[in-house]
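So this block is coords_30.tsv, TSV, C-alpha atoms:
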chain	number	residue	atom	x	y	z
A	1	MET	CA	115.85	113.54	91.61
A	2	ARG	CA	116.93	117.06	92.40
A	3	THR	CA	115.47	119.13	89.57
A	4	PRO	CA	111.73	119.78	89.28
A	5	HIS	CA	110.36	117.04	87.08
A	6	VAL	CA	106.80	116.16	86.25
A	7	VAL	CA	106.07	112.75	87.73
A	8	VAL	CA	103.31	110.58	86.28
A	9	VAL	CA	102.02	108.11	88.86
A	10	MET	CA	100.81	105.18	86.76
A	11	GLY	CA	99.34	101.71	87.16
A	12	VAL	CA	96.14	99.73	86.92
A	13	ALA	CA	93.01	100.89	88.72
A	14	GLY	CA	93.18	100.37	92.45
A	15	THR	CA	96.95	100.62	92.89
A	16	GLY	CA	96.59	103.87	94.81
A	17	LYS	CA	97.45	106.53	92.25
A	18	THR	CA	94.97	108.97	93.81
A	19	THR	CA	96.36	108.29	97.30
A	20	ILE	CA	100.08	108.16	96.52
A	21	GLY	CA	100.07	111.00	93.97
A	22	PRO	CA	99.14	113.77	96.45
A	23	LEU	CA	101.48	112.35	99.11
A	24	LEU	CA	104.34	112.27	96.60
A	25	ALA	CA	103.54	115.80	95.43
A	26	ALA	CA	103.59	117.04	99.02
A	27	ARG	CA	106.96	115.40	99.64
A	28	LEU	CA	108.34	116.93	96.43
A	29	GLY	CA	106.77	120.34	97.13
A	30	VAL	CA	104.93	120.48	93.80
A	31	PRO	CA	101.25	120.56	92.77
A	32	TYR	CA	99.20	117.41	92.17
A	33	ALA	CA	96.66	116.90	89.37
A	34	GLU	CA	94.16	114.04	89.49
A	35	GLY	CA	94.22	112.24	86.15
A	36	ASP	CA	90.58	111.21	86.41
A	37	ASP	CA	89.62	114.91	86.31
A	38	PHE	CA	90.94	115.10	82.74
A	39	HIS	CA	88.46	112.46	81.47
A	40	PRO	CA	85.58	113.72	79.35
A	41	GLN	CA	82.16	112.83	80.77
A	42	ALA	CA	81.65	110.26	78.00
A	43	ASN	CA	84.66	108.27	79.26
A	44	ILE	CA	83.38	108.31	82.83
A	45	ALA	CA	79.93	107.16	81.70
A	46	LYS	CA	81.48	104.34	79.69
A	47	MET	CA	83.63	103.09	82.59
A	48	THR	CA	80.76	103.46	85.07
A	49	ALA	CA	78.74	101.16	82.81
A	50	GLY	CA	81.54	98.59	82.98
A	51	THR	CA	82.80	99.15	79.44
A	52	PRO	CA	86.58	99.45	79.03
A	53	LEU	CA	87.87	102.50	77.20
A	54	ASP	CA	89.48	102.00	73.81
A	55	ASP	CA	92.41	103.96	72.42
A	56	GLU	CA	90.13	106.47	70.67
A	57	ASP	CA	88.55	107.24	74.06
A	58	ARG	CA	91.94	107.67	75.69
A	59	TRP	CA	93.73	109.97	73.19
A	60	PRO	CA	91.93	113.23	74.20
A	61	TRP	CA	92.37	112.33	77.89
A	62	LEU	CA	96.09	111.65	77.45
A	63	ASP	CA	96.47	114.86	75.42
A	64	ALA	CA	94.89	116.86	78.26
A	65	ILE	CA	97.24	115.26	80.82
A	66	GLY	CA	100.18	115.83	78.47
A	67	ALA	CA	99.22	119.51	78.12
A	68	TRP	CA	99.19	119.89	81.92
A	69	ALA	CA	102.57	118.14	82.18
A	70	HIS	CA	103.98	120.39	79.44
A	71	GLU	CA	102.80	123.51	81.32
A	72	ARG	CA	104.60	122.22	84.43
A	73	THR	CA	107.92	121.58	82.61
A	74	GLY	CA	110.73	123.06	84.66
A	75	LEU	CA	108.35	123.74	87.55
A	76	GLY	CA	107.55	120.18	88.58
A	77	GLY	CA	104.31	118.47	89.34
A	78	VAL	CA	102.70	115.11	89.94
A	79	VAL	CA	99.79	113.78	87.90
A	80	SER	CA	98.05	110.42	87.96
A	81	SER	CA	97.34	108.46	84.79
A	82	SER	CA	96.96	104.74	84.28
A	83	ALA	CA	99.38	105.06	81.30
A	84	LEU	CA	99.00	101.31	80.83
A	85	LYS	CA	100.42	101.02	77.30
A	86	ARG	CA	103.76	102.14	75.97
A	87	ALA	CA	101.88	104.08	73.29
A	88	TYR	CA	100.08	106.06	76.00
A	89	ARG	CA	103.33	106.90	77.75
A	90	ASP	CA	104.87	107.83	74.40
A	91	ARG	CA	101.95	110.22	73.86
A	92	LEU	CA	102.58	111.82	77.26
A	93	ARG	CA	106.32	112.09	76.50
A	94	ALA	CA	105.54	113.71	73.13
A	95	ALA	CA	103.87	116.55	75.04
A	96	ALA	CA	106.33	116.62	77.96
A	97	PRO	CA	109.57	114.81	77.05
A	98	ASP	CA	111.09	114.89	80.53
A	99	VAL	CA	108.25	113.21	82.45
A	100	VAL	CA	109.29	110.52	84.91
A	101	PHE	CA	107.00	107.58	85.63
A	102	VAL	CA	106.28	105.98	89.00
A	103	HIS	CA	104.63	102.65	88.18
A	104	LEU	CA	102.64	101.41	91.16
A	105	THR	CA	102.66	97.62	90.99
A	106	GLY	CA	101.17	94.90	93.12
A	107	ASP	CA	99.45	91.61	93.56
A	108	ARG	CA	96.09	91.40	91.74
A	109	GLU	CA	94.25	90.15	94.84
A	110	LEU	CA	95.52	93.05	96.97
A	111	ILE	CA	94.54	95.58	94.30
A	112	GLU	CA	91.06	94.06	93.87
A	113	GLU	CA	90.50	94.16	97.65
A	114	ARG	CA	91.48	97.83	97.74
A	115	MET	CA	89.11	98.56	94.85
A	116	ARG	CA	86.25	96.87	96.74
A	117	GLN	CA	86.92	99.05	99.79
A	118	ARG	CA	86.91	102.43	98.05
A	119	LYS	CA	83.72	104.44	97.89
A	120	GLY	CA	82.36	106.75	95.22
A	121	HIS	CA	84.71	105.81	92.37
A	122	PHE	CA	83.37	105.16	88.88
A	123	MET	CA	85.76	102.29	88.04
A	124	PRO	CA	84.17	98.90	88.85
A	125	THR	CA	86.28	95.91	89.89
A	126	ALA	CA	84.92	94.11	86.82
A	127	LEU	CA	87.32	96.16	84.67
A	128	LEU	CA	90.43	95.14	86.63
A	129	ASP	CA	91.15	92.14	84.40
A	130	SER	CA	91.03	94.34	81.29
A	131	GLN	CA	93.44	96.75	82.98
A	132	PHE	CA	95.95	93.96	83.70
A	133	ALA	CA	95.51	92.59	80.15
A	134	THR	CA	96.29	96.03	78.71
A	135	LEU	CA	99.23	96.79	81.02
A	136	GLN	CA	102.66	97.03	79.40
A	137	PRO	CA	105.20	97.61	82.19
A	138	LEU	CA	107.87	100.28	81.86
A	139	GLN	CA	110.60	99.31	79.44
A	140	PRO	CA	114.34	99.78	80.13
A	141	ASP	CA	114.47	102.83	77.85
A	142	GLU	CA	111.66	104.62	79.74
A	143	THR	CA	112.66	106.91	82.60
A	144	GLY	CA	110.83	105.74	85.66
A	145	VAL	CA	110.63	103.39	88.59
A	146	ALA	CA	108.39	100.51	89.65
A	147	VAL	CA	107.18	100.67	93.25
A	148	ASP	CA	105.35	97.89	95.07
A	149	VAL	CA	102.03	98.93	96.63
A	150	SER	CA	102.07	96.66	99.65
A	151	GLY	CA	102.08	98.46	102.98
A	152	THR	CA	100.73	101.79	104.10
A	153	PRO	CA	100.46	104.84	101.84
A	154	GLU	CA	103.33	106.42	103.78
A	155	GLU	CA	105.55	103.36	103.22
A	156	ILE	CA	104.71	103.29	99.50
A	157	THR	CA	105.43	107.02	99.20
A	158	ALA	CA	108.75	106.59	101.01
A	159	ARG	CA	109.73	103.81	98.57
A	160	ALA	CA	108.72	106.01	95.63
A	161	MET	CA	110.79	108.92	96.98
A	162	ALA	CA	113.83	106.69	97.50
A	163	ALA	CA	113.50	105.31	93.98
A	164	LEU	CA	113.13	108.78	92.46
A	165	ASP	CA	116.11	110.05	94.46
A	166	ALA	CA	118.16	107.17	93.03
A	167	LEU	CA	117.39	108.25	89.46
A	168	GLY	CA	119.99	110.43	87.84
A	169	PRO	CA	119.24	112.55	84.78
A	170	GLY	CA	118.31	110.25	81.92
A	171	VAL	CA	118.76	107.05	83.92
A	172	PRO	CA	116.34	104.31	82.77
A	173	SER	CA	113.90	102.29	84.86
A	174	ALA	CA	114.64	100.84	88.28
A	175	ALA	CA	112.49	98.50	90.38
A	176	VAL	CA	111.99	98.97	94.09
A	177	PRO	CA	110.59	96.10	96.15

Here is the file; what I need is its structure written in the form of structure tokens.
Amino acid sequence: MRTPHVVVVMGVAGTGKTTIGPLLAARLGVPYAEGDDFHPQANIAKMTAGTPLDDEDRWPWLDAIGAWAHERTGLGGVVSSSALKRAYRDRLRAAAPDVVFVHLTGDRELIEERMRQRKGHFMPTALLDSQFATLQPLQPDETGVAVDVSGTPEEITARAMAALDALGPGVPSAAVP
């Protein structure tokens, strides 16, 4: 990937979006935006209480992320967003058509263990099952890559960089072990 794209680091809670996103942005030399910062307070309160968000909760959040991605078009950037459903990714692409997705994937047990270890995050492990139930992986016509989250953050970032480098303009999804 040689031109400045906006990369959306996606995946269920606990895959490391907030860890990998800034590392990826640093490697690409572009700014990082934390997707959770775009949530209205009502969404955070709902998730903190253990209640999954519904689509109506997510639309304003996705629109705010999409607006940031649109502003970064041609300049590049990395933003985190669960982007679990195709409809959510379509909404982001409607605002910023050239976004590229990095789907962080992994074993449920590993992800749950990482969620248990993190401190100060509003997303409880109780919502992990709803995240996996909602998840619709990238489809072949969506520009992006799937990257396994096993290993260290540096190893995951290196795999993401290699996968992004392998993408040519308009090339559809690729999976990286």

Between atom CA of Leu23 of chain A and atom CA of Leu92 of chain A, what is the distance in Å, rounded to a tenth?
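It comes out at 21.9 Å.
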
Taking (91.9, 105.7, 74.6) in the file's coordinates as the center, which residues reach within 12 Å of it, counting all atoms listed in the file, put as a compact mmCIF listing (two decimals) with C-alpha atoms, keeping the file's coordinate frame?
# COMPACT_ATOMS: atom_id res chain seq x y z
CA HIS A 39 88.46 112.46 81.47
CA PRO A 40 85.58 113.72 79.35
CA ALA A 42 81.65 110.26 78.00
CA ASN A 43 84.66 108.27 79.26
CA LYS A 46 81.48 104.34 79.69
CA MET A 47 83.63 103.09 82.59
CA PRO A 52 86.58 99.45 79.03
CA LEU A 53 87.87 102.50 77.20
CA ASP A 54 89.48 102.00 73.81
CA ASP A 55 92.41 103.96 72.42
CA GLU A 56 90.13 106.47 70.67
CA ASP A 57 88.55 107.24 74.06
CA ARG A 58 91.94 107.67 75.69
CA TRP A 59 93.73 109.97 73.19
CA PRO A 60 91.93 113.23 74.20
CA TRP A 61 92.37 112.33 77.89
CA LEU A 62 96.09 111.65 77.45
CA ASP A 63 96.47 114.86 75.42
CA SER A 81 97.34 108.46 84.79
CA SER A 82 96.96 104.74 84.28
CA ALA A 83 99.38 105.06 81.30
CA LEU A 84 99.00 101.31 80.83
CA LYS A 85 100.42 101.02 77.30
CA ALA A 87 101.88 104.08 73.29
CA TYR A 88 100.08 106.06 76.00
CA ARG A 89 103.33 106.90 77.75
CA ARG A 91 101.95 110.22 73.86
CA THR A 134 96.29 96.03 78.71

Shortest contact to Val99 of chain A, candidates A:Gly144, A:Gly11, A:Gly21, A:Pro137, atoms counted only C-alpha atoms, goes to A:Gly144

Selection near Thr152 of chain A, 12 Å with only C-alpha atoms, sequence-local residues under 3 positions removed, as JSON, numbers by chain:
{"A": [15, 16, 19, 20, 23, 114, 148, 149, 155, 156, 157, 158, 159]}

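Atom CA of Leu167 of chain A to atom CA of Ala67 of chain A spans 24.2 Å [interatomic distance, one decimal].
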
Select, from A:Leu128, A:Val6, A:Val145, A:Ala69, the residue with the minimum atom-to-atom distance to Ala95 of chain A, counting all atoms listed in the file.
A:Ala69

Measure the distance from atom CA of Ala163 of chain A to atom CA of Ile65 of chain A in Å and round it to one decimal.
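Atom-to-atom, atom CA of Ala163 of chain A to atom CA of Ile65 of chain A, that is 23.2 Å.
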
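Of the residues listed (A:Leu135, A:Val147, A:Val79, A:Leu164), A:Val79 shows the shortest atom-to-atom separation from Tyr32 of chain A; distances use all atoms listed in the file.
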
Could you check which of A:Gly77, A:Pro31, A:Pro140, A:Gly151 is closest to Gly106 of chain A, using only C-alpha atoms?
A:Gly151

Looking at A:Arg108, A:Leu75, A:Ala33, A:Val102, which one is nearest to Met161 of chain A, with distances taken over all atoms listed in the file?
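Comparing A:Arg108, A:Leu75, A:Ala33, A:Val102 against Met161 of chain A, the winner is A:Val102.
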
Pick out the residues sitting within 9 Å of Gly76 of chain A, and hand them over as a PyMOL selection string; count all atoms listed in the file, and ignore anything fewer than 4 positions along from it in its own chain.
chain A and resi 3-7+28-31+69+72

A:Ala49, A:Ala13, A:Ala160, A:Ile44 ranked by distance to Val100 of chain A, top pick (using all atoms listed in the file)
A:Ala160

Please reconstruct the missing atoms of segment 55-66 of chain A (target: all heavy atoms) and return them as an mmCIF file, in the frame of the given file.
data_model
loop_
_atom_site.group_PDB
_atom_site.id
_atom_site.type_symbol
_atom_site.label_atom_id
_atom_site.label_comp_id
_atom_site.auth_asym_id
_atom_site.auth_seq_id
_atom_site.Cartn_x
_atom_site.Cartn_y
_atom_site.Cartn_z
ATOM 1 N N ASP A 55 91.385 102.933 72.664
ATOM 2 C CA ASP A 55 92.410 103.960 72.420
ATOM 3 C C ASP A 55 91.795 105.281 71.967
ATOM 4 O O ASP A 55 92.264 106.346 72.373
ATOM 5 C CB ASP A 55 93.423 103.466 71.383
ATOM 6 C CG ASP A 55 94.360 102.404 71.947
ATOM 7 O OD1 ASP A 55 94.313 102.147 73.175
ATOM 8 O OD2 ASP A 55 95.130 101.824 71.169
ATOM 9 N N GLU A 56 90.760 105.223 71.149
ATOM 10 C CA GLU A 56 90.130 106.470 70.670
ATOM 11 C C GLU A 56 89.544 107.264 71.841
ATOM 12 O O GLU A 56 89.550 108.491 71.811
ATOM 13 C CB GLU A 56 89.067 106.177 69.616
ATOM 14 C CG GLU A 56 89.648 105.666 68.309
ATOM 15 C CD GLU A 56 90.745 106.570 67.745
ATOM 16 O OE1 GLU A 56 90.526 107.797 67.626
ATOM 17 O OE2 GLU A 56 91.834 106.062 67.414
ATOM 18 N N ASP A 57 89.046 106.564 72.864
ATOM 19 C CA ASP A 57 88.550 107.240 74.060
ATOM 20 C C ASP A 57 89.691 107.886 74.837
ATOM 21 O O ASP A 57 89.519 108.937 75.450
ATOM 22 C CB ASP A 57 87.859 106.248 75.015
ATOM 23 C CG ASP A 57 86.641 105.584 74.417
ATOM 24 O OD1 ASP A 57 85.868 106.270 73.719
ATOM 25 O OD2 ASP A 57 86.457 104.376 74.659
ATOM 26 N N ARG A 58 90.828 107.232 74.838
ATOM 27 C CA ARG A 58 91.940 107.670 75.690
ATOM 28 C C ARG A 58 92.757 108.816 75.103
ATOM 29 O O ARG A 58 93.359 109.574 75.854
ATOM 30 C CB ARG A 58 92.868 106.487 75.976
ATOM 31 C CG ARG A 58 92.279 105.510 76.959
ATOM 32 C CD ARG A 58 93.310 104.478 77.374
ATOM 33 N NE ARG A 58 92.762 103.559 78.347
ATOM 34 C CZ ARG A 58 92.271 102.364 78.044
ATOM 35 N NH1 ARG A 58 92.265 101.934 76.812
ATOM 36 N NH2 ARG A 58 91.791 101.593 79.005
ATOM 37 N N TRP A 59 92.841 108.951 73.778
ATOM 38 C CA TRP A 59 93.730 109.970 73.190
ATOM 39 C C TRP A 59 93.437 111.374 73.702
ATOM 40 O O TRP A 59 94.370 112.083 74.127
ATOM 41 C CB TRP A 59 93.710 109.933 71.672
ATOM 42 C CG TRP A 59 94.210 108.654 71.056
ATOM 43 C CD1 TRP A 59 93.639 107.991 70.000
ATOM 44 C CD2 TRP A 59 95.358 107.863 71.420
ATOM 45 N NE1 TRP A 59 94.356 106.848 69.718
ATOM 46 C CE2 TRP A 59 95.415 106.746 70.571
ATOM 47 C CE3 TRP A 59 96.337 107.988 72.401
ATOM 48 C CZ2 TRP A 59 96.401 105.778 70.653
ATOM 49 C CZ3 TRP A 59 97.326 107.009 72.502
ATOM 50 C CH2 TRP A 59 97.353 105.932 71.630
ATOM 51 N N PRO A 60 92.173 111.859 73.696
ATOM 52 C CA PRO A 60 91.930 113.230 74.200
ATOM 53 C C PRO A 60 92.287 113.369 75.685
ATOM 54 O O PRO A 60 92.792 114.415 76.110
ATOM 55 C CB PRO A 60 90.435 113.454 73.975
ATOM 56 C CG PRO A 60 90.024 112.412 72.981
ATOM 57 C CD PRO A 60 90.964 111.253 73.144
ATOM 58 N N TRP A 61 92.040 112.325 76.458
ATOM 59 C CA TRP A 61 92.370 112.330 77.890
ATOM 60 C C TRP A 61 93.873 112.435 78.071
ATOM 61 O O TRP A 61 94.364 113.258 78.846
ATOM 62 C CB TRP A 61 91.804 111.053 78.522
ATOM 63 C CG TRP A 61 92.194 110.801 79.931
ATOM 64 C CD1 TRP A 61 91.864 111.563 81.017
ATOM 65 C CD2 TRP A 61 92.966 109.706 80.417
ATOM 66 N NE1 TRP A 61 92.387 111.001 82.163
ATOM 67 C CE2 TRP A 61 93.066 109.851 81.818
ATOM 68 C CE3 TRP A 61 93.567 108.602 79.822
ATOM 69 C CZ2 TRP A 61 93.759 108.951 82.614
ATOM 70 C CZ3 TRP A 61 94.236 107.709 80.619
ATOM 71 C CH2 TRP A 61 94.332 107.886 81.998
ATOM 72 N N LEU A 62 94.629 111.610 77.347
ATOM 73 C CA LEU A 62 96.090 111.650 77.450
ATOM 74 C C LEU A 62 96.637 112.996 76.973
ATOM 75 O O LEU A 62 97.588 113.524 77.550
ATOM 76 C CB LEU A 62 96.708 110.504 76.654
ATOM 77 C CG LEU A 62 96.486 109.121 77.253
ATOM 78 C CD1 LEU A 62 96.796 108.034 76.229
ATOM 79 C CD2 LEU A 62 97.304 108.936 78.519
ATOM 80 N N ASP A 63 96.022 113.553 75.921
ATOM 81 C CA ASP A 63 96.470 114.860 75.420
ATOM 82 C C ASP A 63 96.255 115.949 76.478
ATOM 83 O O ASP A 63 97.091 116.843 76.633
ATOM 84 C CB ASP A 63 95.750 115.214 74.127
ATOM 85 C CG ASP A 63 96.207 114.342 72.956
ATOM 86 O OD1 ASP A 63 97.271 113.687 73.051
ATOM 87 O OD2 ASP A 63 95.471 114.294 71.945
ATOM 88 N N ALA A 64 95.152 115.872 77.215
ATOM 89 C CA ALA A 64 94.890 116.860 78.260
ATOM 90 C C ALA A 64 95.907 116.723 79.401
ATOM 91 O O ALA A 64 96.420 117.724 79.912
ATOM 92 C CB ALA A 64 93.461 116.704 78.788
ATOM 93 N N ILE A 65 96.223 115.485 79.782
ATOM 94 C CA ILE A 65 97.240 115.260 80.820
ATOM 95 C C ILE A 65 98.602 115.732 80.315
ATOM 96 O O ILE A 65 99.355 116.390 81.038
ATOM 97 C CB ILE A 65 97.285 113.779 81.243
ATOM 98 C CG1 ILE A 65 95.996 113.415 81.978
ATOM 99 C CG2 ILE A 65 98.508 113.484 82.114
ATOM 100 C CD1 ILE A 65 95.830 111.932 82.246
ATOM 101 N N GLY A 66 98.909 115.404 79.064
ATOM 102 C CA GLY A 66 100.180 115.830 78.470
ATOM 103 C C GLY A 66 100.299 117.350 78.433
ATOM 104 O O GLY A 66 101.383 117.894 78.681
#
